[in-house]
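S.K.: Enclosed is the structure file input_4.pdb (PDB, C-alpha atoms and all ligand atoms).
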MODEL        1
ATOM      1  CA  MET V 339     -71.612-136.191 -42.520
ATOM      2  CA  GLY V 340     -75.065-134.784 -43.127
ATOM      3  CA  THR V 341     -77.078-131.654 -42.492
ATOM      4  CA  TYR V 342     -80.356-132.045 -40.625
ATOM      5  CA  VAL V 343     -83.080-129.673 -39.530
ATOM      6  CA  VAL V 344     -84.721-130.423 -36.180
ATOM      7  CA  THR V 345     -87.731-128.409 -35.027
ATOM      8  CA  GLY V 346     -88.419-128.275 -31.298
ATOM      9  CA  ALA V 347     -84.660-128.685 -30.852
ATOM     10  CA  ALA V 348     -84.532-126.753 -27.559
ATOM     11  CA  SER V 349     -86.383-129.287 -25.415
ATOM     12  CA  GLY V 350     -87.464-132.866 -24.874
ATOM     13  CA  MET V 351     -87.295-135.328 -27.738
ATOM     14  CA  GLY V 352     -86.250-132.726 -30.327
ATOM     15  CA  ALA V 353     -83.279-131.833 -28.110
ATOM     16  CA  GLY V 354     -82.542-135.545 -27.715
ATOM     17  CA  VAL V 355     -82.472-136.108 -31.481
ATOM     18  CA  ALA V 356     -80.428-132.955 -32.134
ATOM     19  CA  GLY V 357     -77.858-133.945 -29.482
ATOM     20  CA  ARG V 358     -77.579-137.470 -30.863
ATOM     21  CA  LEU V 359     -77.061-136.221 -34.422
ATOM     22  CA  ARG V 360     -74.388-133.743 -33.300
ATOM     23  CA  ASP V 361     -72.634-136.467 -31.270
ATOM     24  CA  HIS V 362     -72.396-138.442 -34.519
ATOM     25  CA  GLY V 363     -70.750-135.507 -36.297
ATOM     26  CA  HIS V 364     -73.729-134.141 -38.247
ATOM     27  CA  ASP V 365     -74.635-130.488 -38.655
ATOM     28  CA  VAL V 366     -77.940-129.663 -37.029
ATOM     29  CA  ILE V 367     -80.043-126.598 -37.763
ATOM     30  CA  GLY V 368     -82.333-126.380 -34.763
ATOM     31  CA  VAL V 369     -85.617-124.452 -34.973
ATOM     32  CA  ASP V 370     -87.475-123.363 -31.853
ATOM     33  CA  LEU V 371     -89.037-120.358 -30.170
ATOM     34  CA  ALA V 372     -85.638-119.665 -28.573
ATOM     35  CA  GLY V 373     -82.433-121.539 -27.761
ATOM     36  CA  ALA V 374     -81.847-122.901 -31.264
ATOM     37  CA  GLU V 375     -80.030-121.805 -34.443
ATOM     38  CA  VAL V 376     -83.270-120.506 -35.948
ATOM     39  CA  ALA V 377     -85.671-118.653 -33.631
ATOM     40  CA  ALA V 378     -89.165-118.790 -35.111
ATOM     41  CA  ASP V 379     -92.730-119.061 -33.865
ATOM     42  CA  LEU V 380     -94.280-121.929 -35.817
ATOM     43  CA  ALA V 381     -97.745-120.884 -34.604
ATOM     44  CA  THR V 382     -97.737-117.995 -37.106
ATOM     45  CA  PRO V 383     -97.519-117.868 -40.919
ATOM     46  CA  ALA V 384     -94.691-115.309 -40.690
ATOM     47  CA  GLY V 385     -92.738-117.502 -38.231
ATOM     48  CA  ARG V 386     -93.119-120.553 -40.455
ATOM     49  CA  ARG V 387     -91.976-118.560 -43.506
ATOM     50  CA  ARG V 388     -88.957-117.248 -41.578
ATOM     51  CA  ALA V 389     -88.066-120.763 -40.428
ATOM     52  CA  ILE V 390     -88.171-122.103 -44.013
ATOM     53  CA  ASP V 391     -86.116-119.221 -45.435
ATOM     54  CA  ASP V 392     -83.534-119.355 -42.635
ATOM     55  CA  VAL V 393     -83.107-123.123 -42.873
ATOM     56  CA  LEU V 394     -82.755-123.035 -46.687
ATOM     57  CA  ASP V 395     -80.170-120.286 -46.301
ATOM     58  CA  ARG V 396     -78.155-122.192 -43.717
ATOM     59  CA  CYS V 397     -78.229-125.581 -45.439
ATOM     60  CA  GLY V 398     -77.237-124.228 -48.854
ATOM     61  CA  GLY V 399     -80.283-125.800 -50.486
ATOM     62  CA  VAL V 400     -79.504-129.421 -49.526
ATOM     63  CA  LEU V 401     -80.787-131.349 -46.506
ATOM     64  CA  ASP V 402     -80.060-134.968 -45.582
ATOM     65  CA  GLY V 403     -83.030-135.126 -43.290
ATOM     66  CA  ALA V 404     -85.607-133.366 -41.175
ATOM     67  CA  VAL V 405     -87.112-134.116 -37.782
ATOM     68  CA  LEU V 406     -90.347-132.297 -36.969
ATOM     69  CA  ALA V 407     -90.625-132.440 -33.192
ATOM     70  CA  ALA V 408     -91.911-128.963 -32.305
ATOM     71  CA  GLY V 409     -95.319-129.407 -30.786
ATOM     72  CA  LEU V 410     -97.771-128.221 -28.159
ATOM     73  CA  GLY V 411     -99.462-130.605 -25.746
ATOM     74  CA  PRO V 412    -103.187-130.606 -24.883
ATOM     75  CA  LYS V 413    -103.301-127.347 -22.934
ATOM     76  CA  ARG V 414    -106.698-125.792 -22.275
ATOM     77  CA  GLY V 415    -107.156-122.439 -24.006
ATOM     78  CA  ALA V 416    -104.366-123.148 -26.502
ATOM     79  CA  GLU V 417    -106.490-125.107 -29.009
ATOM     80  CA  ARG V 418    -105.841-122.795 -31.967
ATOM     81  CA  ALA V 419    -102.100-122.696 -31.284
ATOM     82  CA  ILE V 420    -102.053-126.503 -30.928
ATOM     83  CA  VAL V 421    -103.428-127.030 -34.425
ATOM     84  CA  GLU V 422    -101.249-124.279 -35.917
ATOM     85  CA  VAL V 423     -97.981-125.664 -34.533
ATOM     86  CA  ASN V 424     -98.760-129.387 -34.686
ATOM     87  CA  VAL V 425    -100.213-129.320 -38.191
ATOM     88  CA  LEU V 426     -99.018-126.279 -40.167
ATOM     89  CA  GLY V 427     -95.719-126.204 -38.253
ATOM     90  CA  VAL V 428     -95.091-129.551 -39.949
ATOM     91  CA  THR V 429     -96.897-129.439 -43.283
ATOM     92  CA  GLU V 430     -95.905-125.903 -44.346
ATOM     93  CA  LEU V 431     -92.322-126.488 -43.276
ATOM     94  CA  LEU V 432     -92.109-129.773 -45.160
ATOM     95  CA  ASP V 433     -93.622-128.239 -48.293
ATOM     96  CA  GLY V 434     -91.092-125.398 -48.061
ATOM     97  CA  LEU V 435     -88.097-127.639 -47.353
ATOM     98  CA  ARG V 436     -89.018-130.419 -49.807
ATOM     99  CA  PRO V 437     -86.800-129.121 -52.645
ATOM    100  CA  ALA V 438     -83.762-129.218 -50.319
ATOM    101  CA  LEU V 439     -84.623-132.785 -49.253
ATOM    102  CA  ALA V 440     -85.081-133.843 -52.890
ATOM    103  CA  ALA V 441     -81.652-132.354 -53.663
ATOM    104  CA  CYS V 442     -79.979-134.822 -51.270
ATOM    105  CA  PRO V 443     -77.874-137.261 -53.355
ATOM    106  CA  ASP V 444     -78.762-140.142 -50.992
ATOM    107  CA  LYS V 445     -82.282-140.806 -49.860
ATOM    108  CA  ALA V 446     -83.260-137.962 -47.502
ATOM    109  CA  LYS V 447     -85.240-139.047 -44.445
ATOM    110  CA  VAL V 448     -88.026-137.196 -42.627
ATOM    111  CA  VAL V 449     -89.342-138.123 -39.198
ATOM    112  CA  VAL V 450     -92.512-136.395 -38.018
ATOM    113  CA  PHE V 451     -93.557-136.692 -34.388
ATOM    114  CA  GLY V 452     -97.133-137.955 -34.233
ATOM    115  CA  SER V 453     -98.635-139.424 -31.077
ATOM    116  CA  ASN V 454    -100.544-142.450 -29.847
ATOM    117  CA  SER V 455    -103.276-139.999 -28.829
ATOM    118  CA  THR V 456    -104.404-140.468 -32.454
ATOM    119  CA  THR V 457    -105.747-143.929 -31.699
ATOM    120  CA  SER V 458    -106.627-143.569 -28.024
ATOM    121  CA  THR V 459    -108.690-140.344 -27.878
ATOM    122  CA  PRO V 460    -112.477-140.608 -28.221
ATOM    123  CA  LEU V 461    -114.882-138.011 -29.694
ATOM    124  CA  VAL V 462    -112.481-136.469 -32.190
ATOM    125  CA  PRO V 463    -114.681-134.943 -34.925
ATOM    126  CA  ARG V 464    -113.833-136.374 -38.351
ATOM    127  CA  ARG V 465    -114.662-133.042 -39.925
ATOM    128  CA  ALA V 466    -112.010-131.274 -37.849
ATOM    129  CA  VAL V 467    -109.416-133.817 -38.958
ATOM    130  CA  ARG V 468    -110.416-133.440 -42.629
ATOM    131  CA  LEU V 469    -110.203-129.640 -42.351
ATOM    132  CA  LEU V 470    -106.804-129.847 -40.708
ATOM    133  CA  VAL V 471    -105.435-132.172 -43.392
ATOM    134  CA  ARG V 472    -106.401-129.403 -45.855
ATOM    135  CA  GLY V 473    -104.695-126.817 -43.639
ATOM    136  CA  GLU V 474    -107.959-125.074 -42.682
ATOM    137  CA  THR V 475    -107.035-124.447 -39.061
ATOM    138  CA  ALA V 476    -109.554-121.669 -38.282
ATOM    139  CA  ALA V 477    -112.529-123.759 -39.461
ATOM    140  CA  ALA V 478    -111.201-126.834 -37.627
ATOM    141  CA  ALA V 479    -110.786-124.814 -34.418
ATOM    142  CA  ARG V 480    -114.465-123.808 -34.633
ATOM    143  CA  VAL V 481    -115.539-127.456 -34.975
ATOM    144  CA  ILE V 482    -113.323-128.434 -32.030
ATOM    145  CA  ALA V 483    -114.701-125.586 -29.867
ATOM    146  CA  ALA V 484    -118.112-127.288 -30.042
ATOM    147  CA  ARG V 485    -116.685-130.218 -28.035
ATOM    148  CA  ARG V 486    -117.148-128.336 -24.778
ATOM    149  CA  GLY V 487    -115.075-129.481 -21.845
ATOM    150  CA  ILE V 488    -112.611-131.662 -23.709
ATOM    151  CA  THR V 489    -111.468-129.291 -26.410
ATOM    152  CA  ALA V 490    -107.729-129.433 -25.642
ATOM    153  CA  PRO V 491    -107.287-133.237 -25.849
ATOM    154  CA  VAL V 492    -109.534-133.270 -28.924
ATOM    155  CA  ALA V 493    -107.510-130.486 -30.603
ATOM    156  CA  TYR V 494    -104.308-132.363 -29.808
ATOM    157  CA  ALA V 495    -105.510-135.738 -31.111
ATOM    158  CA  ALA V 496    -107.088-134.116 -34.194
ATOM    159  CA  SER V 497    -103.836-132.294 -34.947
ATOM    160  CA  LYS V 498    -101.780-135.491 -34.705
ATOM    161  CA  LEU V 499    -104.320-137.511 -36.738
ATOM    162  CA  ALA V 500    -104.280-134.859 -39.446
ATOM    163  CA  VAL V 501    -100.521-134.573 -39.590
ATOM    164  CA  SER V 502    -100.093-138.375 -39.672
ATOM    165  CA  ARG V 503    -102.599-138.684 -42.533
ATOM    166  CA  TRP V 504    -101.000-135.795 -44.421
ATOM    167  CA  CYS V 505     -97.650-137.594 -44.117
ATOM    168  CA  ARG V 506     -98.978-140.986 -45.245
ATOM    169  CA  THR V 507    -100.716-139.467 -48.271
ATOM    170  CA  ARG V 508     -97.697-137.413 -49.330
ATOM    171  CA  ALA V 509     -95.091-140.077 -48.507
ATOM    172  CA  VAL V 510     -96.063-142.433 -51.344
ATOM    173  CA  GLY V 511     -96.345-139.761 -54.050
ATOM    174  CA  ALA V 512     -94.103-138.549 -56.845
ATOM    175  CA  ASP V 513     -92.789-135.538 -54.900
ATOM    176  CA  TRP V 514     -91.716-137.629 -51.919
ATOM    177  CA  ALA V 515     -91.052-141.370 -52.437
ATOM    178  CA  GLY V 516     -90.710-140.641 -56.169
ATOM    179  CA  ALA V 517     -88.090-137.999 -55.403
ATOM    180  CA  GLY V 518     -86.121-140.310 -53.103
ATOM    181  CA  ILE V 519     -87.423-138.821 -49.833
ATOM    182  CA  ARG V 520     -88.486-141.227 -47.084
ATOM    183  CA  LEU V 521     -91.243-139.643 -44.989
ATOM    184  CA  ASN V 522     -92.413-141.501 -41.859
ATOM    185  CA  VAL V 523     -94.133-140.778 -38.547
ATOM    186  CA  LEU V 524     -92.958-141.689 -35.051
ATOM    187  CA  ALA V 525     -95.900-141.960 -32.629
ATOM    188  CA  PRO V 526     -94.801-141.948 -28.984
ATOM    189  CA  GLY V 527     -96.912-142.661 -25.942
ATOM    190  CA  PRO V 528     -96.129-140.795 -22.694
ATOM    191  CA  VAL V 529     -92.477-139.749 -22.674
ATOM    192  CA  LEU V 530     -91.026-137.920 -19.701
ATOM    193  CA  THR V 531     -90.260-134.502 -21.187
ATOM    194  CA  PRO V 532     -91.246-130.968 -20.107
ATOM    195  CA  LEU V 533     -94.456-131.417 -22.165
ATOM    196  CA  LEU V 534     -95.563-134.489 -20.212
ATOM    197  CA  ARG V 535     -94.367-133.057 -16.890
ATOM    198  CA  SER V 536     -96.564-129.987 -17.360
ATOM    199  CA  GLN V 537     -99.536-132.248 -18.082
ATOM    200  CA  LEU V 538     -98.820-134.321 -14.970
ATOM    201  CA  GLU V 539     -98.672-131.131 -12.891
ATOM    202  CA  SER V 540    -101.869-129.678 -14.421
ATOM    203  CA  PRO V 541    -105.382-129.948 -12.869
ATOM    204  CA  THR V 542    -105.982-133.012 -15.090
ATOM    205  CA  GLY V 543    -102.714-134.636 -13.942
ATOM    206  CA  LYS V 544    -104.587-137.408 -12.125
ATOM    207  CA  GLN V 545    -106.286-138.500 -15.346
ATOM    208  CA  VAL V 546    -103.000-138.371 -17.257
ATOM    209  CA  ARG V 547    -101.373-140.519 -14.548
ATOM    210  CA  SER V 548    -104.185-143.060 -14.677
ATOM    211  CA  PHE V 549    -103.883-143.641 -18.435
ATOM    212  CA  PRO V 550    -103.007-147.331 -18.898
ATOM    213  CA  VAL V 551     -99.434-148.108 -19.998
ATOM    214  CA  PRO V 552     -98.724-151.873 -19.940
ATOM    215  CA  ALA V 553     -94.947-151.260 -19.785
ATOM    216  CA  ARG V 554     -95.626-149.602 -16.393
ATOM    217  CA  GLN V 555     -93.130-146.853 -17.072
ATOM    218  CA  TYR V 556     -92.872-143.683 -19.140
ATOM    219  CA  GLY V 557     -90.571-143.488 -22.121
ATOM    220  CA  THR V 558     -87.428-141.370 -22.075
ATOM    221  CA  PRO V 559     -86.371-138.756 -24.654
ATOM    222  CA  GLU V 560     -83.216-140.812 -25.248
ATOM    223  CA  GLN V 561     -85.220-143.909 -26.214
ATOM    224  CA  LEU V 562     -87.308-141.964 -28.703
ATOM    225  CA  ALA V 563     -84.185-140.225 -30.062
ATOM    226  CA  GLU V 564     -82.792-143.719 -30.817
ATOM    227  CA  TRP V 565     -85.942-144.585 -32.778
ATOM    228  CA  ALA V 566     -85.752-141.318 -34.699
ATOM    229  CA  ALA V 567     -82.076-141.964 -35.462
ATOM    230  CA  LEU V 568     -82.955-145.380 -36.905
ATOM    231  CA  MET V 569     -85.629-143.763 -39.059
ATOM    232  CA  LEU V 570     -82.991-141.293 -40.339
ATOM    233  CA  SER V 571     -80.517-144.074 -41.164
ATOM    234  CA  PRO V 572     -80.166-146.232 -44.319
ATOM    235  CA  ALA V 573     -82.312-148.793 -42.452
ATOM    236  CA  ALA V 574     -85.225-146.556 -43.488
ATOM    237  CA  ASP V 575     -84.429-146.629 -47.241
ATOM    238  CA  PHE V 576     -87.295-149.143 -47.581
ATOM    239  CA  MET V 577     -89.636-147.385 -45.176
ATOM    240  CA  VAL V 578     -92.319-145.108 -46.636
ATOM    241  CA  GLY V 579     -95.393-143.640 -44.948
ATOM    242  CA  SER V 580     -95.146-145.807 -41.826
ATOM    243  CA  VAL V 581     -96.438-144.757 -38.438
ATOM    244  CA  VAL V 582     -94.124-146.305 -35.863
ATOM    245  CA  THR V 583     -95.825-146.534 -32.472
ATOM    246  CA  VAL V 584     -93.531-146.594 -29.443
ATOM    247  CA  ASP V 585     -95.931-146.240 -26.539
ATOM    248  CA  GLY V 586     -95.358-148.848 -23.851
ATOM    249  CA  GLY V 587     -98.309-150.875 -25.152
ATOM    250  CA  THR V 588    -101.268-148.513 -24.692
ATOM    251  CA  GLU V 589    -102.461-148.790 -28.273
ATOM    252  CA  ALA V 590    -102.210-152.597 -28.257
ATOM    253  CA  LEU V 591    -104.119-152.648 -24.973
ATOM    254  CA  LEU V 592    -106.942-150.348 -26.142
ATOM    255  CA  ARG V 593    -107.153-151.452 -29.790
ATOM    256  CA  PRO V 594    -106.054-155.125 -29.964
ATOM    257  CA  HIS V 595    -108.289-156.014 -32.928
ATOM    258  CA  ASP V 596    -108.204-152.815 -34.966
ATOM    259  CA  TRP V 597    -104.753-153.153 -36.442
ATOM    260  CA  PRO V 598    -103.622-154.784 -38.684
ATOM    261  CA  SER V 599    -106.961-154.494 -40.465
ATOM    262  CA  ARG V 600    -108.263-155.975 -43.725
ATOM    263  CA  LEU V 601    -108.241-153.991 -46.959
ATOM    264  CA  PRO V 602    -111.751-152.503 -47.101
ATOM    265  CA  LEU V 603    -113.751-153.449 -50.189
ATOM    266  CA  ARG V 604    -114.027-149.787 -51.216
ATOM    267  CA  GLU V 605    -110.228-149.748 -51.781
ATOM    268  CA  LEU V 606    -110.278-152.724 -54.169
ATOM    269  CA  PRO V 607    -110.839-150.750 -57.410
ATOM    270  CA  ARG V 608    -107.923-148.461 -56.567
ATOM    271  CA  MET V 609    -105.697-151.422 -55.783
ATOM    272  CA  LEU V 610    -106.591-153.081 -59.103
ATOM    273  CA  TRP V 611    -105.910-149.803 -60.909
ATOM    274  CA  LEU V 612    -102.490-149.578 -59.254
ATOM    275  CA  MET V 613    -101.752-153.206 -60.187
ATOM    276  CA  ALA V 614    -102.732-152.537 -63.794
ATOM    277  CA  LYS V 615    -100.078-149.838 -63.880
ATOM    278  CA  ALA V 616     -97.373-152.407 -63.074
ATOM    279  CA  PRO V 617     -94.927-152.946 -65.937
ATOM    280  CA  ALA V 618     -93.715-156.360 -67.137
ATOM    281  CA  ARG V 619     -93.908-159.256 -64.676
ATOM    282  CA  GLY V 620     -91.035-159.343 -62.232
ATOM    283  CA  GLN V 621     -90.407-155.623 -62.293
ATOM    284  CA  VAL V 622     -91.341-153.281 -59.492
ATOM    285  CA  ALA V 623     -93.842-150.725 -60.709
ATOM    286  CA  ASP V 624     -92.986-147.051 -60.708
ATOM    287  CA  TYR V 625     -95.648-145.393 -58.573
ATOM    288  CA  SER V 626     -93.965-142.024 -58.697
ATOM    289  CA  ALA V 627     -96.917-140.466 -60.497
ATOM    290  CA  VAL V 628     -99.549-141.830 -58.091
TER     291      VAL V 628
HETATM  292  P1  LIG V 701     -91.303-130.437 -25.344
HETATM  293  O1  LIG V 701     -92.314-129.483 -24.838
HETATM  294  O2  LIG V 701     -90.250-130.904 -24.406
HETATM  295  O3  LIG V 701     -90.601-129.836 -26.638
HETATM  296  C1  LIG V 701     -91.355-129.260 -27.672
HETATM  297  C2  LIG V 701     -90.564-128.122 -28.274
HETATM  298  O4  LIG V 701     -91.408-127.509 -29.267
HETATM  299  C3  LIG V 701     -90.195-127.026 -27.257
HETATM  300  O5  LIG V 701     -88.819-126.723 -27.321
HETATM  301  C4  LIG V 701     -91.037-125.839 -27.678
HETATM  302  O6  LIG V 701     -90.427-124.589 -27.444
HETATM  303  C5  LIG V 701     -91.211-126.123 -29.177
HETATM  304  N1  LIG V 701     -92.351-125.363 -29.648
HETATM  305  C6  LIG V 701     -93.607-125.325 -29.104
HETATM  306  N2  LIG V 701     -94.336-124.391 -29.731
HETATM  307  C7  LIG V 701     -93.554-123.831 -30.675
HETATM  308  C8  LIG V 701     -93.741-122.794 -31.618
HETATM  309  N3  LIG V 701     -94.881-122.106 -31.687
HETATM  310  N4  LIG V 701     -92.715-122.476 -32.455
HETATM  311  C9  LIG V 701     -91.529-123.140 -32.371
HETATM  312  N5  LIG V 701     -91.288-124.126 -31.480
HETATM  313  C10 LIG V 701     -92.289-124.456 -30.640
HETATM  314  O7  LIG V 701     -92.138-131.643 -25.953
HETATM  315  P2  LIG V 701     -91.761-133.160 -26.289
HETATM  316  O8  LIG V 701     -92.460-133.995 -25.315
HETATM  317  O9  LIG V 701     -90.322-133.333 -26.528
HETATM  318  O10 LIG V 701     -92.574-133.319 -27.657
HETATM  319  C11 LIG V 701     -91.957-133.476 -28.934
HETATM  320  C12 LIG V 701     -93.041-133.926 -29.904
HETATM  321  O11 LIG V 701     -93.526-135.214 -29.515
HETATM  322  C13 LIG V 701     -94.252-133.010 -29.940
HETATM  323  O12 LIG V 701     -94.694-132.897 -31.270
HETATM  324  C14 LIG V 701     -95.275-133.737 -29.092
HETATM  325  O13 LIG V 701     -96.590-133.428 -29.468
HETATM  326  C15 LIG V 701     -94.925-135.182 -29.397
HETATM  327  N6  LIG V 701     -95.354-136.138 -28.373
HETATM  328  C16 LIG V 701     -94.949-136.026 -27.070
HETATM  329  C17 LIG V 701     -95.332-136.970 -26.131
HETATM  330  C18 LIG V 701     -94.881-136.919 -24.718
HETATM  331  O14 LIG V 701     -95.423-137.692 -23.897
HETATM  332  N7  LIG V 701     -93.903-136.119 -24.354
HETATM  333  C19 LIG V 701     -96.225-138.074 -26.513
HETATM  334  C20 LIG V 701     -96.569-138.120 -27.902
HETATM  335  C21 LIG V 701     -96.149-137.170 -28.787
ENDMDL
END
Would you mind writing the structure in this file as structure tokens?
M.R.:
Amino acid sequence: MGTYVVTGAASGMGAGVAGRLRDHGHDVIGVDLAGAEVAADLATPAGRRRAIDDVLDRCGGVLDGAVLAAGLGPKRGAERAIVEVNVLGVTELLDGLRPALAACPDKAKVVVFGSNSTTSTPLVPRRAVRLLVRGETAAAARVIAARRGITAPVAYAASKLAVSRWCRTRAVGADWAGAGIRLNVLAPGPVLTPLLRSQLESPTGKQVRSFPVPARQYGTPEQLAEWAALMLSPAADFMVGSVVTVDGGTEALLRPHDWPSRLPLRELPRMLWLMAKAPARGQVADYSAV
């Protein structure tokens, strides 16, 4: 049986994943503001440091997997906290826990909770996303503040775009795929958890309710916990840097022609360079240094 860290383990989908893992006999180190093994505020540098140190202490330096589900929804006035928790609460934790994941004798699996807001929110400034990918949350918050009126949804979508891109870039590299760690993103649409309920009950609840979902139902934490469990299983040994969208069809409805998309011409030189690195015909190249 394995040892897993689950952030946001006290509520919603994080609680669903933690419960499912425990039911299958695994040890779970939950991280949350309260109500979990490790109490830490992932909105602050000190809280993130405490979470990393506590988890490394409890797992004895070896983790079979990590699920990063702690997150804040698009709440007005909480823009800075949204980017701190949703971006640095993932990236700093993963950087800190990476040695323990690499020490797993099997392939360790990481599931990061993204969101389909990444592909369905307009007016997200590219600059804010770029800053967030680099971890520059204060500068990104200033760029987001200029989007008067819709700052909370923009902060939320920017945070999830940044964290998804950070994951995809890292996932294929020497320290992650090259070290046997499988890092992937699960991107839910509306799932009936306390986070969504508070949005439905907020002044913008009518807009949230009117968002198109072809499945004509919300997801449940149990359904998403099943997807996360699959992405933690050996079925994910061959899965690297994927963003798995489970959203009742919203993305397909809004973006039918955007994905899959052709390889842009600007990527061709890089692709040829990668191909040139391939060893003898018939062998799979070692991209661990890419
Ligand atoms: P939830 O609100 O039920 O659970 C989130 C957990 O994160 C809570 O236990 C909360 O205490 C914890 N958390 C928040 N701020 C924290 C902080 N500063 N330090 C430590 N822990 C903190 O939310 P839900 O819906 O289960 O969300 C899980 C993940 O899925 C989040 O990352 C969310 O952004 C994402 N998501 C949720 C969707 C939904 O419709 N519910 C849709 C798409 C993505």
S.K.: Kindly provide, as number ranges by chain, all nucleotide and amino acid residues lying within 8 Å of ligand LIG 701 (chain V), counting only C-alpha atoms and all ligand atoms.
M.R.: V: 345-353, 369-372, 377-382, 385, 406-411, 419, 422-424, 427, 450-455, 494, 498, 525-534, 557, 559
S.K.: Neighbouring residues of range 567-570 of chain V were defined as those with any atom within 7 Å, considering all atoms listed in the file; residues of the same chain fewer than 6 positions away were excluded. Please report them as a ChimeraX atom specification.
M.R.: /V:403,447-449
S.K.: Measuring between all atoms listed in the file, which one of V:Met609, V:Lys615, V:Glu589, V:Pro541 shows the shortest distance to Lys413 in chain V?
M.R.: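 For Lys413 in chain V, the nearest of the candidates is V:Pro541.
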S.K.: Starting from the point (-86.0, -131.6, -51.8), work out which residues of protein, DNA or RNA have an atom no more than 10 Å away when counting all atoms listed in the file; state them as a list in words.
M.R.: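 Checked against the point, the hits come out as Gly399, Val400, Leu401, Asp402, Gly403, Leu432, Asp433, Gly434, Leu435, Arg436, Pro437, Ala438, Leu439, Ala440, Ala441, Cys442, Ala446, Asp513, Trp514, Ala517, Gly518 and Ile519 of chain V.
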S.K.: V:Phe576, V:Trp611, V:Trp504, V:Tyr342: which is nearest Glu375 in chain V, counting all atoms listed in the file?
M.R.: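 Among V:Phe576, V:Trp611, V:Trp504, V:Tyr342, it is V:Tyr342 that comes nearest to Glu375 in chain V.
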S.K.: Report the distance between CA of Ala512 in chain V and CA of Pro607 in chain V in Å, rounded to one decimal place.
M.R.: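 CA of Pro607 in chain V lies 20.7 Å from CA of Ala512 in chain V.
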S.K.: Please indicate the distance in Å from CA of Val405 in chain V to CA of Val355 in chain V, rounded to one decimal place.
M.R.: 8.1 Å
S.K.: Excluding Arg593 in chain V and residues on its chain fewer than 3 positions from it, collect all residues at most 12 Å away from it, counting all atoms listed in the file, and give them as a list in words.
M.R.: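 The filter keeps Asn454, Thr456, Thr457, Ser458, Thr459, Gly587, Thr588, Glu589, Ala590, Asp596, Trp597, Pro598 and Ser599 of chain V.
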S.K.: If the box runs along x, y and z of the file and leaves 8 Å on each side of range 576-588 of chain V, what are its centre and edge lengths in Å, one decimal, as JSON?
M.R.:
{"center_x": -94.3, "center_y": -147.3, "center_z": -35.7, "size_x": 30.0, "size_y": 23.2, "size_z": 39.7}
S.K.: Could you write out as a CSV table (one decimal) with C-alpha atoms, in the frame of the given file the residues that the PyMOL selection byres (((chain V and resi 470-472) around 12) and not hetatm) matches in the shown file?
M.R.:
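Wrote expr27.csv, looks like this:
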chain,number,residue,atom,x,y,z
V,418,ARG,CA,-105.8,-122.8,-32.0
V,420,ILE,CA,-102.1,-126.5,-30.9
V,421,VAL,CA,-103.4,-127.0,-34.4
V,422,GLU,CA,-101.2,-124.3,-35.9
V,423,VAL,CA,-98.0,-125.7,-34.5
V,424,ASN,CA,-98.8,-129.4,-34.7
V,425,VAL,CA,-100.2,-129.3,-38.2
V,426,LEU,CA,-99.0,-126.3,-40.2
V,427,GLY,CA,-95.7,-126.2,-38.3
V,428,VAL,CA,-95.1,-129.6,-39.9
V,429,THR,CA,-96.9,-129.4,-43.3
V,430,GLU,CA,-95.9,-125.9,-44.3
V,463,PRO,CA,-114.7,-134.9,-34.9
V,464,ARG,CA,-113.8,-136.4,-38.4
V,465,ARG,CA,-114.7,-133.0,-39.9
V,466,ALA,CA,-112.0,-131.3,-37.8
V,467,VAL,CA,-109.4,-133.8,-39.0
V,468,ARG,CA,-110.4,-133.4,-42.6
V,469,LEU,CA,-110.2,-129.6,-42.4
V,473,GLY,CA,-104.7,-126.8,-43.6
V,474,GLU,CA,-108.0,-125.1,-42.7
V,475,THR,CA,-107.0,-124.4,-39.1
V,476,ALA,CA,-109.6,-121.7,-38.3
V,477,ALA,CA,-112.5,-123.8,-39.5
V,478,ALA,CA,-111.2,-126.8,-37.6
V,479,ALA,CA,-110.8,-124.8,-34.4
V,480,ARG,CA,-114.5,-123.8,-34.6
V,481,VAL,CA,-115.5,-127.5,-35.0
V,482,ILE,CA,-113.3,-128.4,-32.0
V,493,ALA,CA,-107.5,-130.5,-30.6
V,494,TYR,CA,-104.3,-132.4,-29.8
V,495,ALA,CA,-105.5,-135.7,-31.1
V,496,ALA,CA,-107.1,-134.1,-34.2
V,497,SER,CA,-103.8,-132.3,-34.9
V,498,LYS,CA,-101.8,-135.5,-34.7
V,499,LEU,CA,-104.3,-137.5,-36.7
V,500,ALA,CA,-104.3,-134.9,-39.4
V,501,VAL,CA,-100.5,-134.6,-39.6
V,502,SER,CA,-100.1,-138.4,-39.7
V,503,ARG,CA,-102.6,-138.7,-42.5
V,504,TRP,CA,-101.0,-135.8,-44.4
V,505,CYS,CA,-97.6,-137.6,-44.1
V,506,ARG,CA,-99.0,-141.0,-45.2
V,507,THR,CA,-100.7,-139.5,-48.3
V,508,ARG,CA,-97.7,-137.4,-49.3
S.K.: List the neighbours of Arg414 in chain V out to 9 Å using only C-alpha atoms; skip same-chain residues closer than 6 positions along the sequence, and give me the result as a PyMOL selection string.
M.R.: chain V and resi 488-491
S.K.: Evaluate the PyMOL selection byres (((chain V and resi 550) around 10) and not hetatm) here and jot the selected residues down as a ChimeraX atom specification.
M.R.: /V:546-549,551-554,586-589,591-592
S.K.: One decimal, Å: what's the distance from CA of Pro572 in chain V over to CA of Ile367 in chain V, could you say?
M.R.: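 Rounded to one decimal, the two atoms are 20.7 Å apart.
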S.K.: Pick from V:Ala616, V:Ala515, V:Leu606, V:Met339: nearest to Met577 in chain V, with all atoms listed in the file counted?
M.R.: V:Ala515
S.K.: With all atoms listed in the file as the basis for distance, which of V:Asp395, V:Val343, V:Leu524, V:Pro412 is at the shortest distance from Gln561 in chain V?
M.R.: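 Closest residue, counting all atoms listed in the file: V:Leu524.
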